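Source file entry_0.pdb; content: PDB, C-alpha atoms, pLDDT in the B column.
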```
ATOM      1  CA  MET A   1      33.163  66.613  62.967  1.00 50.00           C
ATOM      2  CA  THR A   2      36.035  64.984  61.251  1.00 48.00           C
ATOM      3  CA  GLY A   3      34.355  61.572  61.662  1.00 49.00           C
ATOM      4  CA  HIS A   4      31.093  62.856  60.131  1.00 48.00           C
ATOM      5  CA  ILE A   5      32.962  64.212  57.091  1.00 46.00           C
ATOM      6  CA  ALA A   6      34.720  60.889  56.622  1.00 49.00           C
ATOM      7  CA  ARG A   7      31.429  58.949  56.742  1.00 49.00           C
ATOM      8  CA  THR A   8      29.914  61.351  54.214  1.00 46.00           C
ATOM      9  CA  SER A   9      32.870  60.904  51.868  1.00 49.00           C
ATOM     10  CA  ARG A  10      32.545  57.117  52.026  1.00 50.00           C
ATOM     11  CA  VAL A  11      28.805  57.306  51.169  1.00 45.00           C
ATOM     12  CA  VAL A  12      29.430  59.635  48.214  1.00 44.00           C
ATOM     13  CA  ALA A  13      32.196  57.358  46.968  1.00 45.00           C
ATOM     14  CA  ALA A  14      29.898  54.331  47.184  1.00 45.00           C
ATOM     15  CA  VAL A  15      27.201  56.139  45.238  1.00 42.00           C
ATOM     16  CA  LEU A  16      29.650  57.221  42.551  1.00 43.00           C
ATOM     17  CA  VAL A  17      31.006  53.710  42.236  1.00 44.00           C
ATOM     18  CA  GLY A  18      27.469  52.233  41.986  1.00 47.00           C
ATOM     19  CA  ILE A  19      26.309  54.552  39.217  1.00 44.00           C
ATOM     20  CA  PRO A  20      28.194  52.807  36.338  1.00 46.00           C
ATOM     21  CA  ALA A  21      26.986  49.372  37.513  1.00 44.00           C
ATOM     22  CA  ALA A  22      23.397  50.546  37.660  1.00 42.00           C
ATOM     23  CA  ALA A  23      23.716  52.157  34.262  1.00 42.00           C
ATOM     24  CA  CYS A  24      25.055  48.900  32.806  1.00 42.00           C
ATOM     25  CA  THR A  25      22.263  46.864  34.359  1.00 42.00           C
ATOM     26  CA  THR A  26      19.578  49.232  33.086  1.00 41.00           C
ATOM     27  CA  GLY A  27      21.033  49.212  29.571  1.00 42.00           C
ATOM     28  CA  ALA A  28      21.094  45.395  29.434  1.00 41.00           C
ATOM     29  CA  GLU A  29      17.445  45.172  30.439  1.00 42.00           C
ATOM     30  CA  SER A  30      16.328  47.771  27.910  1.00 44.00           C
ATOM     31  CA  ASP A  31      17.996  46.109  24.907  1.00 45.00           C
ATOM     32  CA  PRO A  32      15.568  43.954  22.876  1.00 45.00           C
ATOM     33  CA  PRO A  33      16.239  40.201  23.098  1.00 46.00           C
ATOM     34  CA  ALA A  34      18.132  38.656  20.208  1.00 46.00           C
ATOM     35  CA  PRO A  35      15.804  36.880  17.740  1.00 44.00           C
ATOM     36  CA  ALA A  36      15.692  33.096  18.080  1.00 43.00           C
ATOM     37  CA  PRO A  37      17.308  31.227  15.213  1.00 43.00           C
ATOM     38  CA  ALA A  38      14.887  30.022  12.569  1.00 40.00           C
ATOM     39  CA  SER A  39      13.837  26.422  13.174  1.00 38.00           C
ATOM     40  CA  VAL A  40      14.903  23.889  10.525  1.00 38.00           C
ATOM     41  CA  SER A  41      12.720  20.825   9.855  1.00 35.00           C
ATOM     42  CA  LEU A  42      14.584  17.547   9.670  1.00 40.00           C
ATOM     43  CA  VAL A  43      11.730  15.980   7.675  1.00 37.00           C
ATOM     44  CA  PRO A  44      12.056  16.703   3.932  1.00 40.00           C
ATOM     45  CA  PRO A  45       8.955  17.705   2.006  1.00 40.00           C
ATOM     46  CA  PRO A  46       7.178  14.879   0.192  1.00 36.00           C
ATOM     47  CA  GLN A  47       8.657  14.091  -3.194  1.00 36.00           C
ATOM     48  CA  ALA A  48       6.745  13.188  -6.318  1.00 35.00           C
ATOM     49  CA  THR A  49       8.538   9.850  -6.451  1.00 35.00           C
ATOM     50  CA  ASP A  50       7.583   8.770  -2.905  1.00 36.00           C
ATOM     51  CA  GLU A  51       4.076   7.624  -3.834  1.00 37.00           C
ATOM     52  CA  PRO A  52       1.868   7.902  -6.898  1.00 49.00           C
ATOM     53  CA  GLY A  53      -0.219  10.966  -6.225  1.00 49.00           C
ATOM     54  CA  ASP A  54      -1.034  14.494  -7.252  1.00 48.00           C
ATOM     55  CA  GLU A  55       0.596  17.778  -6.240  1.00 51.00           C
ATOM     56  CA  LEU A  56      -1.411  17.829  -2.999  1.00 51.00           C
ATOM     57  CA  GLY A  57       0.038  14.499  -1.901  1.00 49.00           C
ATOM     58  CA  ILE A  58      -3.209  12.586  -2.429  1.00 54.00           C
ATOM     59  CA  VAL A  59      -2.412   8.976  -3.325  1.00 58.00           C
ATOM     60  CA  MET A  60      -3.903   7.948  -6.642  1.00 74.00           C
ATOM     61  CA  GLN A  61      -5.880   4.720  -6.944  1.00 89.00           C
ATOM     62  CA  GLU A  62      -5.211   3.112 -10.309  1.00 96.00           C
ATOM     63  CA  SER A  63      -8.101   1.567 -12.225  1.00 97.00           C
ATOM     64  CA  ARG A  64      -6.063   0.397 -15.258  1.00 97.00           C
ATOM     65  CA  ALA A  65      -2.987  -1.726 -15.877  1.00 97.00           C
ATOM     66  CA  THR A  66      -1.015  -2.672 -18.998  1.00 98.00           C
ATOM     67  CA  ILE A  67       1.494  -5.507 -19.182  1.00 97.00           C
ATOM     68  CA  GLU A  68       3.929  -5.830 -22.080  1.00 97.00           C
ATOM     69  CA  ASP A  69       5.221  -9.372 -22.582  1.00 96.00           C
ATOM     70  CA  PRO A  70       8.262 -10.432 -24.645  1.00 94.00           C
ATOM     71  CA  VAL A  71       8.046 -12.876 -27.522  1.00 93.00           C
ATOM     72  CA  GLY A  72       9.076 -16.506 -27.098  1.00 93.00           C
ATOM     73  CA  ASP A  73       8.369 -17.232 -23.427  1.00 94.00           C
ATOM     74  CA  VAL A  74       5.941 -20.151 -23.800  1.00 97.00           C
ATOM     75  CA  TRP A  75       6.905 -23.200 -21.728  1.00 97.00           C
ATOM     76  CA  LEU A  76       6.109 -26.882 -22.260  1.00 97.00           C
ATOM     77  CA  LEU A  77       5.701 -29.075 -19.180  1.00 96.00           C
ATOM     78  CA  ARG A  78       5.664 -32.806 -19.731  1.00 94.00           C
ATOM     79  CA  GLY A  79       5.615 -35.158 -16.745  1.00 88.00           C
ATOM     80  CA  THR A  80       8.528 -34.613 -14.393  1.00 87.00           C
ATOM     81  CA  THR A  81      10.947 -33.349 -17.041  1.00 87.00           C
ATOM     82  CA  ARG A  82      12.262 -29.819 -16.851  1.00 93.00           C
ATOM     83  CA  PRO A  83      10.208 -27.137 -18.639  1.00 94.00           C
ATOM     84  CA  THR A  84      11.360 -26.320 -22.145  1.00 95.00           C
ATOM     85  CA  ARG A  85      10.672 -23.273 -24.280  1.00 95.00           C
ATOM     86  CA  VAL A  86       8.499 -23.881 -27.334  1.00 95.00           C
ATOM     87  CA  ARG A  87       7.441 -21.768 -30.281  1.00 93.00           C
ATOM     88  CA  LEU A  88       3.669 -21.396 -30.091  1.00 94.00           C
ATOM     89  CA  PRO A  89       2.533 -17.998 -31.422  1.00 94.00           C
ATOM     90  CA  SER A  90      -1.154 -18.625 -30.683  1.00 93.00           C
ATOM     91  CA  LEU A  91      -0.262 -18.903 -26.976  1.00 95.00           C
ATOM     92  CA  ASP A  92       2.462 -16.269 -26.937  1.00 96.00           C
ATOM     93  CA  LEU A  93       1.076 -13.189 -25.187  1.00 97.00           C
ATOM     94  CA  ARG A  94       2.370  -9.775 -26.251  1.00 97.00           C
ATOM     95  CA  ARG A  95       0.205  -7.436 -24.210  1.00 97.00           C
ATOM     96  CA  VAL A  96      -2.499  -7.495 -21.540  1.00 98.00           C
ATOM     97  CA  ASP A  97      -4.777  -4.532 -20.799  1.00 98.00           C
ATOM     98  CA  VAL A  98      -6.978  -4.492 -17.700  1.00 98.00           C
ATOM     99  CA  ARG A  99      -9.586  -1.912 -16.700  1.00 98.00           C
ATOM    100  CA  HIS A 100     -11.697  -1.980 -13.553  1.00 98.00           C
ATOM    101  CA  GLY A 101     -14.671   0.059 -14.698  1.00 97.00           C
ATOM    102  CA  ASP A 102     -17.845   1.309 -13.067  1.00 95.00           C
ATOM    103  CA  ILE A 103     -19.861  -1.766 -14.083  1.00 97.00           C
ATOM    104  CA  ALA A 104     -17.433  -4.460 -15.188  1.00 98.00           C
ATOM    105  CA  LEU A 105     -13.864  -5.672 -15.183  1.00 98.00           C
ATOM    106  CA  LEU A 106     -12.423  -5.769 -18.705  1.00 98.00           C
ATOM    107  CA  VAL A 107      -9.388  -7.890 -19.646  1.00 98.00           C
ATOM    108  CA  ARG A 108      -7.930  -7.840 -23.169  1.00 98.00           C
ATOM    109  CA  LEU A 109      -5.253 -10.338 -24.216  1.00 97.00           C
ATOM    110  CA  ARG A 110      -3.212  -9.753 -27.367  1.00 97.00           C
ATOM    111  CA  PHE A 111      -1.146 -12.579 -28.895  1.00 96.00           C
ATOM    112  CA  THR A 112       1.669 -12.857 -31.411  1.00 96.00           C
ATOM    113  CA  VAL A 113      -0.590 -14.768 -33.823  1.00 94.00           C
ATOM    114  CA  LEU A 114      -4.052 -15.985 -32.872  1.00 91.00           C
ATOM    115  CA  ARG A 115      -5.155 -18.788 -35.169  1.00 88.00           C
ATOM    116  CA  ARG A 116      -8.648 -20.196 -35.568  1.00 86.00           C
ATOM    117  CA  SER A 117      -7.294 -23.714 -34.975  1.00 84.00           C
ATOM    118  CA  ALA A 118      -5.925 -22.812 -31.537  1.00 83.00           C
ATOM    119  CA  ARG A 119      -7.463 -24.532 -28.512  1.00 87.00           C
ATOM    120  CA  PRO A 120      -6.131 -22.601 -25.529  1.00 93.00           C
ATOM    121  CA  THR A 121      -7.741 -21.998 -22.153  1.00 95.00           C
ATOM    122  CA  TYR A 122      -7.641 -18.477 -20.742  1.00 96.00           C
ATOM    123  CA  ASP A 123      -7.459 -18.612 -16.961  1.00 97.00           C
ATOM    124  CA  LEU A 124      -8.098 -15.453 -14.936  1.00 98.00           C
ATOM    125  CA  GLY A 125      -7.396 -15.347 -11.213  1.00 98.00           C
ATOM    126  CA  LEU A 126      -9.321 -12.356  -9.844  1.00 98.00           C
ATOM    127  CA  ARG A 127      -8.279 -11.527  -6.299  1.00 98.00           C
ATOM    128  CA  THR A 128     -10.474  -9.239  -4.192  1.00 98.00           C
ATOM    129  CA  ALA A 129     -10.677  -8.464  -0.475  1.00 97.00           C
ATOM    130  CA  GLU A 130     -12.976 -11.502  -0.227  1.00 96.00           C
ATOM    131  CA  GLY A 131     -10.427 -13.875  -1.799  1.00 97.00           C
ATOM    132  CA  ARG A 132      -9.626 -15.180  -5.275  1.00 98.00           C
ATOM    133  CA  PHE A 133     -12.188 -15.937  -7.978  1.00 98.00           C
ATOM    134  CA  PHE A 134     -11.210 -18.259 -10.847  1.00 98.00           C
ATOM    135  CA  VAL A 135     -12.573 -17.789 -14.354  1.00 98.00           C
ATOM    136  CA  ASP A 136     -11.678 -20.124 -17.254  1.00 97.00           C
ATOM    137  CA  VAL A 137     -12.608 -19.339 -20.854  1.00 95.00           C
ATOM    138  CA  GLY A 138     -11.999 -21.757 -23.741  1.00 92.00           C
ATOM    139  CA  MET A 139     -11.945 -21.491 -27.534  1.00 86.00           C
ATOM    140  CA  VAL A 140     -14.780 -23.068 -29.541  1.00 78.00           C
ATOM    141  CA  ASP A 141     -14.553 -23.066 -33.341  1.00 74.00           C
ATOM    142  CA  GLY A 142     -11.988 -20.303 -33.266  1.00 76.00           C
ATOM    143  CA  ARG A 143     -14.037 -18.158 -30.907  1.00 82.00           C
ATOM    144  CA  ALA A 144     -13.883 -17.616 -27.174  1.00 82.00           C
ATOM    145  CA  SER A 145     -16.780 -19.363 -25.462  1.00 82.00           C
ATOM    146  CA  ARG A 146     -19.624 -17.064 -24.497  1.00 80.00           C
ATOM    147  CA  ARG A 147     -19.915 -18.667 -21.089  1.00 87.00           C
ATOM    148  CA  PRO A 148     -16.975 -19.460 -18.806  1.00 94.00           C
ATOM    149  CA  GLN A 149     -15.956 -23.092 -18.562  1.00 93.00           C
ATOM    150  CA  ARG A 150     -15.362 -22.475 -14.872  1.00 96.00           C
ATOM    151  CA  PHE A 151     -16.300 -19.593 -12.587  1.00 98.00           C
ATOM    152  CA  VAL A 152     -15.844 -20.270  -8.875  1.00 98.00           C
ATOM    153  CA  SER A 153     -15.841 -18.042  -5.824  1.00 98.00           C
ATOM    154  CA  PRO A 154     -13.126 -17.970  -3.138  1.00 97.00           C
ATOM    155  CA  SER A 155     -15.163 -20.566  -1.223  1.00 97.00           C
ATOM    156  CA  GLY A 156     -15.142 -22.906  -4.235  1.00 96.00           C
ATOM    157  CA  ASP A 157     -18.822 -22.429  -5.082  1.00 97.00           C
ATOM    158  CA  ALA A 158     -19.893 -22.044  -8.699  1.00 97.00           C
ATOM    159  CA  VAL A 159     -20.797 -18.487  -9.693  1.00 97.00           C
ATOM    160  CA  SER A 160     -23.670 -17.779 -12.071  1.00 96.00           C
ATOM    161  CA  CYS A 161     -22.777 -14.588 -13.903  1.00 96.00           C
ATOM    162  CA  ALA A 162     -25.367 -13.024 -16.177  1.00 94.00           C
ATOM    163  CA  GLY A 163     -23.734 -10.416 -18.392  1.00 95.00           C
ATOM    164  CA  PHE A 164     -20.427 -12.262 -18.675  1.00 96.00           C
ATOM    165  CA  GLN A 165     -18.945 -11.861 -22.161  1.00 95.00           C
ATOM    166  CA  ALA A 166     -15.937 -13.134 -24.076  1.00 94.00           C
ATOM    167  CA  ALA A 167     -15.027 -12.142 -27.622  1.00 93.00           C
ATOM    168  CA  THR A 168     -12.322 -13.018 -30.147  1.00 92.00           C
ATOM    169  CA  ASP A 169     -10.803 -10.648 -32.691  1.00 93.00           C
ATOM    170  CA  LEU A 170      -8.719 -12.801 -35.021  1.00 92.00           C
ATOM    171  CA  ALA A 171      -7.732  -9.803 -37.154  1.00 93.00           C
ATOM    172  CA  ARG A 172      -6.106  -8.143 -34.120  1.00 95.00           C
ATOM    173  CA  HIS A 173      -5.037 -11.446 -32.520  1.00 95.00           C
ATOM    174  CA  ALA A 174      -6.927 -10.531 -29.366  1.00 95.00           C
ATOM    175  CA  VAL A 175      -9.338 -12.046 -26.860  1.00 95.00           C
ATOM    176  CA  SER A 176     -11.454  -9.870 -24.567  1.00 96.00           C
ATOM    177  CA  VAL A 177     -13.246 -10.912 -21.384  1.00 97.00           C
ATOM    178  CA  ARG A 178     -15.862  -8.865 -19.547  1.00 97.00           C
ATOM    179  CA  VAL A 179     -16.802  -9.778 -15.979  1.00 98.00           C
ATOM    180  CA  PRO A 180     -19.597  -7.726 -14.345  1.00 97.00           C
ATOM    181  CA  ARG A 181     -18.543  -6.359 -10.962  1.00 98.00           C
ATOM    182  CA  ARG A 182     -21.675  -7.743  -9.310  1.00 97.00           C
ATOM    183  CA  CYS A 183     -20.429 -11.278 -10.082  1.00 98.00           C
ATOM    184  CA  LEU A 184     -17.405 -10.509  -7.902  1.00 98.00           C
ATOM    185  CA  GLY A 185     -19.410  -8.966  -5.083  1.00 97.00           C
ATOM    186  CA  ASP A 186     -18.908  -5.366  -6.250  1.00 97.00           C
ATOM    187  CA  PRO A 187     -15.333  -5.209  -4.937  1.00 97.00           C
ATOM    188  CA  ALA A 188     -13.530  -1.946  -4.230  1.00 96.00           C
ATOM    189  CA  TRP A 189     -10.414  -3.370  -5.917  1.00 97.00           C
ATOM    190  CA  VAL A 190      -9.328  -6.332  -8.033  1.00 98.00           C
ATOM    191  CA  SER A 191      -5.902  -7.826  -8.764  1.00 98.00           C
ATOM    192  CA  VAL A 192      -5.767  -9.797 -12.034  1.00 98.00           C
ATOM    193  CA  ARG A 193      -3.519 -12.781 -12.738  1.00 98.00           C
ATOM    194  CA  VAL A 194      -3.483 -14.264 -16.258  1.00 98.00           C
ATOM    195  CA  LEU A 195      -2.463 -17.746 -17.371  1.00 98.00           C
ATOM    196  CA  VAL A 196      -2.923 -19.232 -20.856  1.00 97.00           C
ATOM    197  CA  SER A 197      -2.488 -22.959 -21.482  1.00 96.00           C
ATOM    198  CA  ALA A 198      -3.019 -25.595 -24.174  1.00 95.00           C
ATOM    199  CA  PRO A 199      -2.280 -29.324 -24.540  1.00 94.00           C
ATOM    200  CA  LEU A 200       0.838 -29.979 -26.621  1.00 93.00           C
ATOM    201  CA  ASP A 201       2.856 -33.132 -27.437  1.00 90.00           C
ATOM    202  CA  GLY A 202       1.699 -35.152 -24.457  1.00 91.00           C
ATOM    203  CA  GLY A 203       2.162 -32.239 -22.088  1.00 95.00           C
ATOM    204  CA  VAL A 204       0.766 -28.775 -21.459  1.00 96.00           C
ATOM    205  CA  ALA A 205       2.139 -25.478 -22.746  1.00 97.00           C
ATOM    206  CA  TYR A 206       1.854 -22.456 -20.435  1.00 97.00           C
ATOM    207  CA  GLU A 207       2.249 -18.725 -20.862  1.00 97.00           C
ATOM    208  CA  ASN A 208       1.800 -15.896 -18.381  1.00 96.00           C
ATOM    209  CA  PRO A 209       2.631 -12.193 -18.855  1.00 96.00           C
ATOM    210  CA  HIS A 210       3.785 -11.523 -15.301  1.00 97.00           C
ATOM    211  CA  ASN A 211       7.242 -13.102 -15.486  1.00 94.00           C
ATOM    212  CA  SER A 212       9.422 -15.270 -17.736  1.00 90.00           C
ATOM    213  CA  ARG A 213       8.498 -18.566 -16.042  1.00 93.00           C
ATOM    214  CA  PRO A 214       5.622 -20.978 -16.724  1.00 94.00           C
ATOM    215  CA  PHE A 215       3.570 -19.688 -13.773  1.00 93.00           C
ATOM    216  CA  SER A 216       3.292 -16.587 -11.638  1.00 95.00           C
ATOM    217  CA  GLU A 217       2.187 -16.348  -8.034  1.00 93.00           C
ATOM    218  CA  PHE A 218       1.385 -12.662  -8.414  1.00 94.00           C
ATOM    219  CA  GLY A 219      -0.809 -10.615 -10.728  1.00 97.00           C
ATOM    220  CA  THR A 220      -1.358  -6.906 -11.216  1.00 97.00           C
ATOM    221  CA  GLY A 221      -1.463  -4.427  -8.390  1.00 96.00           C
ATOM    222  CA  ARG A 222      -4.796  -3.493  -6.880  1.00 97.00           C
ATOM    223  CA  LEU A 223      -7.037  -1.855  -9.450  1.00 98.00           C
ATOM    224  CA  TYR A 224      -9.809   0.245  -7.933  1.00 97.00           C
ATOM    225  CA  SER A 225     -13.191   0.759  -9.496  1.00 94.00           C
ATOM    226  CA  SER A 226     -13.278   3.974 -11.500  1.00 85.00           C
ATOM    227  CA  SER A 227     -16.671   4.677  -9.936  1.00 66.00           C
ATOM    228  CA  GLY A 228     -14.765   5.636  -6.797  1.00 52.00           C
TER
END
```
Can you give me the file's structure in the form of structure tokens?
Amino acid sequence: MTGHIARTSRVVAAVLVGIPAAACTTGAESDPPAPAPASVSLVPPPQATDEPGDELGIVMQESRATIEDPVGDVWLLRGTTRPTRVRLPSLDLRRVDVRHGDIALLVRLRFTVLRRSARPTYDLGLRTAEGRFFVDVGMVDGRASRRPQRFVSPSGDAVSCAGFQAATDLARHAVSVRVPRRCLGDPAWVSVRVLVSAPLDGGVAYENPHNSRPFSEFGTGRLYSSSG
């Protein structure tokens, strides 16, 4: 009898000891889990200065370009001598405006002083995905020639371009050139490089608006047709 009572006491004691542990375990399982910390992106949102585009991040495709050129950067090259700066206002570009329109590419050159007696050649390098076209326009009797002196494709073949136009505005010291897009193969984009030259003192004077040297390897950025 005494042994039975002892066994019973040990069982009761075990049960009493186990109650707090069970209560703790049950409480831990019933508590809601702690919320996970909010995730933080390591990639910053796009900034307006990252790429030219609108508020939705859509990259804009420019169809126009304007180049401002300082006064007095005409260079004379004569033989193997070093280039020298010369004062030649009729060759000295001040501004170039380019627009790649729905139908034609328009290039407007504005000079310091454009004189009727000037005999420059206006050379346009028009780069497309196909390659570079070359268009040369000269001055005849104080007016830009209606037809290009040279118009060649990237393969070197002559291009016949109906609708080509060149005009001179002596009052505004400007020359404008219009090249129909079809003459360039209807390109999606065009990059324009400008070079103006004229014979002078046994050499050739050069002016380009892209840098302060006689020549430039590069032109404008890609200008996409405004027709989309």
Could you spell out the hits of the PyMOL selection byres ((chain A and resi 152) around 12) on the shown file, as a ChimeraX atom specification? /A:123-127,131-136,148-151,153-161,183-184
The PyMOL selection byres ((chain A and resi 208) around 6) - which residues does that actually catch in the file I just gave you? List them as a CSV table (one decimal) with C-alpha atoms, keeping the file's coordinate frame.
```
chain,number,residue,atom,x,y,z
A,194,VAL,CA,-3.5,-14.3,-16.3
A,195,LEU,CA,-2.5,-17.7,-17.4
A,207,GLU,CA,2.2,-18.7,-20.9
A,209,PRO,CA,2.6,-12.2,-18.9
A,210,HIS,CA,3.8,-11.5,-15.3
```
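When all atoms listed in the file are used to measure the gap to Asp97 (chain A), the shortest distance among A:Val74, A:Leu170, A:Val190, A:Val177 belongs to A:Val177.
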Using the chain letters and residue numbers of this document, give as JSON, numbers by chain the residues selected by the PyMOL selection byres ((chain A and resi 203) around 12). {"A": [75, 76, 77, 78, 79, 80, 81, 82, 83, 84, 86, 197, 198, 199, 200, 201, 202, 204, 205, 206]}
Distance query Met139 (chain A) at most 9 Å, only C-alpha atoms, self and fewer than 3 positions along chain excluded, as a PyMOL selection string: chain A and resi 116+118-122+142-145+168
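Put simply, CA of Arg99 (chain A) is 22.3 Å away from CA of Phe215 (chain A).
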